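**Q** First, the structure itself, so that you have it in front of you.
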There are 2 protein chains.
Amino acid sequence: MSDARMNGAESLVGTLASGGVAACFANPGTSEMHIVAALDREKRMRCVLGLFEGVVTGAADGYARMAGKPACTLLHLGPGLANGSANLHNASRAHTPIVNIVGQHARGHLHFDTPLKSDIEGIARPYADWLRTSSDSVALGRDAAEAMATARALPGGIATLIVPADVAWGDGGVVAEAPELRAARATDARAVTRAAAMLRSRVPTCLLLSGNALLGSGLAAAGQIVAATGAKLLAPYPFARMGRGGGAPVVERIPYIFEQAAGLLKEFRQMILVGAEIPRSYFAHPVKESVPVAAGCEVFTLASPGEDYASALIALAAELGLREGATDSRGALADSGSRRVERPGTPSGAISIAGLAVAVGAVLPDDAIVVDESMTSGRGLMDATARVGPHDWLANTGGSIGIAMPLAVGAAVACPERRVLCLSADGSGMYTMQALWTMAREGLNVTVVVYANRVYGVLKREFSGLGIGEPGEKALSMFEIGRPDLDWVSLARGMGVPGTRAGSLEEFVTALRAGFTGAGPSLIQVDL
Amino acid sequence: MSDARMNGAESLVGTLASGGVAACFANPGTSEMHIVAALDREKRMRCVLGLFEGVVTGAADGYARMAGKPACTLLHLGPGLANGSANLHNASRAHTPIVNIVGQHARGHLHFDTPLKSDIEGIARPYADWLRTSSDSVALGRDAAEAMATARALPGGIATLIVPADVAWGDGGVVAEAPELRAARATDARAVTRAAAMLRSRVPTCLLLSGNALLGSGLAAAGQIVAATGAKLLAPYPFARMGRGGGAPVVERIPYIFEQAAGLLKEFRQMILVGAEIPRSYFAHPVKESVPVAAGCEVFTLASPGEDYASALIALAAELGLREGATDSRGALADSGSRRVERPGTPSGAISIAGLAVAVGAVLPDDAIVVDESMTSGRGLMDATARVGPHDWLANTGGSIGIAMPLAVGAAVACPERRVLCLSADGSGMYTMQALWTMAREGLNVTVVVYANRVYGVLKREFSGLGIGEPGEKALSMFEIGRPDLDWVSLARGMGVPGTRAGSLEEFVTALRAGFTGAGPSLIQVDL
C-alpha cells in the first residue's frame, strides 16, 4: 500500500479506515486541513461535525459503547483537545476505546511561539492511555495502527496521536495494517474456583458487574449463576453500558446516595467483583464513612481490568456445572425472551418523578438505547424499565456532567436502525447542548428529554448534608439555575430540533411516542 | 486575623477578599461546598455563576482586563478545570491575572480512585504560571496570598490553587496579607537610548505595542513619540485591550491574513517592539513564509514581558525631549480630546460587512467596551471606530474561539457603568453561548451581535489556499455550519436574552441603539 505520492494525512486516514474506523467526530482547524482533505476523499469514513469539542469526544464515546469498536476524533491543537477533555475523562472511566487525532503546528513553526501554541502532550496526558507526537510522514500510518490497537485492547482505552502539520502534508505516507490486539489477560482458574465456592456456600452474596459482564454472553452467564445460586446481580452507579429488558437478567444499580447504597448492600456477606471496583462514595464527607459495604462482608475479585469479564463469568458458570445457553446481545437466554416482559401501563395526571419513570417504561420501544444523565430527576427510571422490551442503557461513568446529548449522538450514528432516548438534567444539558445541532444536521433518531428542575440538585442536597447550616442567598445562587429559567424548546429550535413542553404525564407519553416514531431528533422539556 | 474557629475555606476567601479580589466566577461542585459556604458569608465578593466553565474562565479574563486586577474562579475538580482551559489558554496569552481555585477530593479519599478523580495538577500545568496543591488548612490563606501576588506581578499570569476538601474544611485557617508584588523589571536605559536613535534617524519605523503600551499613559507617550518622529503605531492581531477614540492615538492592528500583514509592514525598515513579539503568521504553510516583516527590517526590542511597557514608552518620550502630558485612561492627551472625534454617518441599505462596520462606528456610545471576536465578518470595524468617542477594545489573544461572550460578561461585571458591545462570529459564539444566560441573570448591559455567515470562514479560505484543490462535500460539511441554520434569536430567548434579527443596516442601527439604551442584555443576529 506504499505510494510515493501519498502524503502523511492520507496514510493516517487510510490506516484508520482499513482498520475498521468508520466514523470521525470532528471539529478541525487550520492545522488539520490536510487531514480534512484526506477525509474528503475517504469513502469508508463518515465525518460528523460537532460545534464544540465536548460534543465530539462524547459522541466518540457513545459510538464506541454501541459499535464495540473505536471512532476517531479530529481536534484542533491544544485548546480543541482541552475542550474535549471532560468527556474524555468520562470515556476513560468507561474504558471506551477512542483514537484522538490532534493537530499540531508544523515543527518548523513552533519556535515562533504563535498564539495557538500550547503544550498539547501536557493537555493530553491526563486522559491518554497511549500518547504520541508523530515525527515522520512515513511512520504516521504505523503510529495510527498502533493507536487503534492500543485503544481496542482490553480493557479499552484512549489513544491520542498528535500530528504536526508538516508530518500530515509530507510525502511518503504508508497505509499500515493494524497490529494484533494484545490478548486479554487470562482469568485465574483459582479465582474461578474460589468464587464458585463462595456462591455454593449460600451466604448472601452479590456479583458486582462492569464492562462486558453487563452485556450479552457475560450477562447471560451471570443470570444463570444467580438463578442457580440465589446470589444477586449489581452494577456500580457509574457503568458504561448495560443490556436490559426482553428477559435479560435484572441487574440492580447501586444508588448514588451513600445511605441508599449502604441500605442496598447491608444484606450481603460476600461480594464478587467482576471488573468493578469496591463500592465507595463519589465524595468524602467530614465525618461519614466512604464505603457503603457492610462490615464483615468479604470482597473478592474474580476479574479485573485487562481480563475478559464475560469469559470469567462463563468459566464461573461452568465451574458451577451450568450449561451455557444461547443468548442475544442483551444477555437474555434465547428461550426466555418475551415471556418475561412486563411493561407498566401508561400513567396519567400531574408530572411527578415517579410518573415520568413509569411513562418511559410504558412506551420505550424495543431495541431502544437509553442514555441516562437524569441525575436527581431520574429516580425510579431503571426500576420502571427493568422488565420491558430489550434495550441498552448508557450512563455517565466519570461524573463530569454534560455527557448525555453527545453520547446520544454517537449511539445514534453507531446504530441508525435503533431509537435513542436521551434523558438529561437541565444543568448537565447546558454543558454540551451544541449536540442538538449535530442531531439535527445528521437527522439522528434521538428523543431528548430535559428534566428542568432549575437546580444543581446534587449540590443543594450535599450542602445541606455537610452540617454547616442551610445555604444562604449567595450559595443558593450557585446551585439554582433558574432566574432566568431556561427555555429548552427555544434552545432546541435555535439548533433546528423541534421541541415541546410536556405539562402532564399524558402529554409526556404523547410526546415520547411522537419522538419514537418521527424522523430525526426531538426534544421534550419537563418542568419539575 | 487568626481565629481558631476559622476553617481553611474561610481563610482562603477572606484572604482573597482582603487582597482586593471582589469577584468570583464560579461553577462549583460537591468538593467545593465549604468554599461555597465561606463565599456565602463574605460580603466583599460578588459571586457570578456560569453554566459552563469556559464562561467562568473567559469572564475572569474579561473582568481583569477591565478592572486591572484579578478575579478568582471556583472550579470543580479536574473536569471543571479542563472545561475552562481553552479560555485559560487565551488569558495566558493575554497575560491576564487570574486566580483559579480548583477543588480536590479530600486526601484520605483519593486512594479510592473514585469516578471524578483525575490528575488535576497535570490538567492545570499547561496554563498555569503558578500552581500549588494546598496541603494544610493553616497555610491555605498564605497559599492564596501567594497566588494573588504571582498573578498580579508583571506581566500578569495565571495562578492555580488546588484545594483538597479536607484542607478547606479543616480548622486553623489564617487570613494572610498579600505579599508585596514582584517589582517590574527595569527597562534597560541603553535600549531607550538606542530606540530614540532609531526614531531620530527618520528611517521608516513602527512601534509594535502590547499590554499597557496600548492604554493610558503608555499609549499617550507612544502618541507623542509618533507625533514628533513620524513613526507609526501598530498592534499585533491578538491584543488584550486597546484604548481608543476620543482623541487617543490611532494604533493600526496587523491583519490576520499574511499577505495583508506583509502589505502593511513592507514600508518599515525599523520595528521597535514594546511588549510585543515579532509578527508571524498564526499557522505555517507548506511553501509560504511565516514572518510578514520586510526583508532587511531591523527589529529591536525596547521592552519585553516582565517590564512596565508604559514606563518604557514614557522614558523613550523623555529621551526624545518630549514633555509628558496629562492623559486619560485611553491615552488621549487631556487637551486633545473631543476635537479629534470623527463619527461616521449612519449607513442604510442592504447588510454588508462594510456597512455593518460603519454602523458600529456611527452609534457606539462613549466609554463603551467593545469585545471583538467577529473573525472574517469584522473587516473594517477598527477603521470605522478609530476616531469615534472614547472606548476600549478587547480581542482574542490566544486564537481559541469562544471567548467573546464570556469576556463580555467579565467586562460588564467589572464596569457596570459602561456599555459593552460583544461582536461574535456564529461559529465562535456556539462554543460558549451559555454566557448569554449569565448576562441575563446578572442584568448585564451587553449588546451581543452575532455575525451569522454559517461558515468557519477562516478554514474555508485556508483550505483553498493550501494548493490541494477546492474542498469537496465532506470537507465542506466540516467548514459550513448551516444545515440547519442556527437561529440565534431562539437561542438567546432560551437563555432569557431578548433578541432580534436585523435584515438591513437601518434595522441594525436601530437594534444597536436599543441595545445601548436598554437595561440588561440583548442580542442582534445579522445574516451574512
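Identifiers in this document derive from the order of the C-alpha cells: chains are assigned A, B, ..., residues are numbered from 1 separately in each chain, and ligands are numbered from 1 in order of occurrence.
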Residues near Ala395 in chain A, anyone? I mean within 6 Å using only C-alpha atoms, not counting same-chain ones fewer than 6 positions away, as a list in words.

**A**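 My list of contacting residues is Phe239, Ala240 and Asp372 of chain A.
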
**Q** Which residues, written as a list in words, have at least one atom at most 6 Å from range 65-71 of chain B, with only C-alpha atoms counted and residues fewer than 4 positions away on the same chain left out?

**A**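 So, after excluding close chain neighbours, the residues are Val21, Ala23, Cys24, Ala60, Pro97, Ile98, Ala411 and Ala414 of chain B.
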
**Q** Where in range 166-293 of chain B does DSSP assign strand (DSSP E), given as number ranges by chain?

**A** B: 205-209, 232-235, 242-244, 252-253, 270-274

**Q** Considering only C-alpha atoms, return as a ChimeraX atom specification whatever protein or nucleic-acid residues lie within 8 Å of Thr346 in chain B, sequence-local ones (same chain, fewer than 3 positions apart) excluded.

**A** /B:358-359,362-363,509

**Q** With only C-alpha atoms as the atoms that count, which of B:Ala317, B:Gly515, B:Ala144, B:Leu265 lies nearest to Gly296 in chain B?

**A**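 Smallest separation from Gly296 in chain B among the options: B:Leu265.
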
**Q** Please identify all polymer residues within 7 Å of range 280-289 of chain A, counting only C-alpha atoms, omitting same-chain residues fewer than 5 positions from it, and present them as an NGL selection string.

**A** (:A and (258)) or (:B and (31 or 105-106 or 109 or 114-115))

**Q** Taking only C-alpha atoms into account, name the residue in B:Phe25, B:Tyr63, B:Phe463, B:Tyr256 that is nearest to chain A.

**A**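 Closest to chain A, using only C-alpha atoms: B:Phe463.
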
**Q** Restricting the calculation to only C-alpha atoms: of A:Leu322, A:Met478, A:Ala176, A:Ile314, which residue gets closest to Leu51 in chain B?

**A**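 Among the listed residues, A:Met478 lies closest to Leu51 in chain B.
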
**Q** Which residue gives the smallest distance to chain A among B:Glu462, B:Asp383, B:Asp136, B:Glu180, with only C-alpha atoms counted?

**A**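 Under the stated criterion, the closest residue is B:Glu462.
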
**Q** Neighbouring residues of Met33 in chain A were defined as those with any atom within 9 Å, considering only C-alpha atoms; residues of the same chain fewer than 6 positions away were excluded. Please report them as a VMD selection string.

**A** (chain A and resid 165 168) or (chain B and resid 459 462 to 463 466 475)

**Q** With C-alpha atoms retained, export the selected residues as a PDB file, in the first residue's frame.

**A**
```pdb
ATOM      1  CA  ALA A 165       1.054  19.779  10.085  1.00  0.00           C
ATOM      2  CA  ALA A 168       0.480  15.426   7.627  1.00  0.00           C
TER       3      ALA A 168
ATOM      4  CA  LEU B 459     -10.951  27.379   7.486  1.00  0.00           C
ATOM      5  CA  GLU B 462      -7.198  28.393   4.374  1.00  0.00           C
ATOM      6  CA  PHE B 463      -8.149  25.107   2.738  1.00  0.00           C
ATOM      7  CA  LEU B 466      -3.178  25.176   0.502  1.00  0.00           C
ATOM      8  CA  ALA B 475     -14.692  18.807   3.774  1.00  0.00           C
TER       9      ALA B 475
END
```

**Q** Closest to Ala124 in chain A among B:Ala82, B:Gly108, B:Ser92, B:Ala22, using only C-alpha atoms?

**A**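 Nearest to Ala124 in chain A: B:Ala82.
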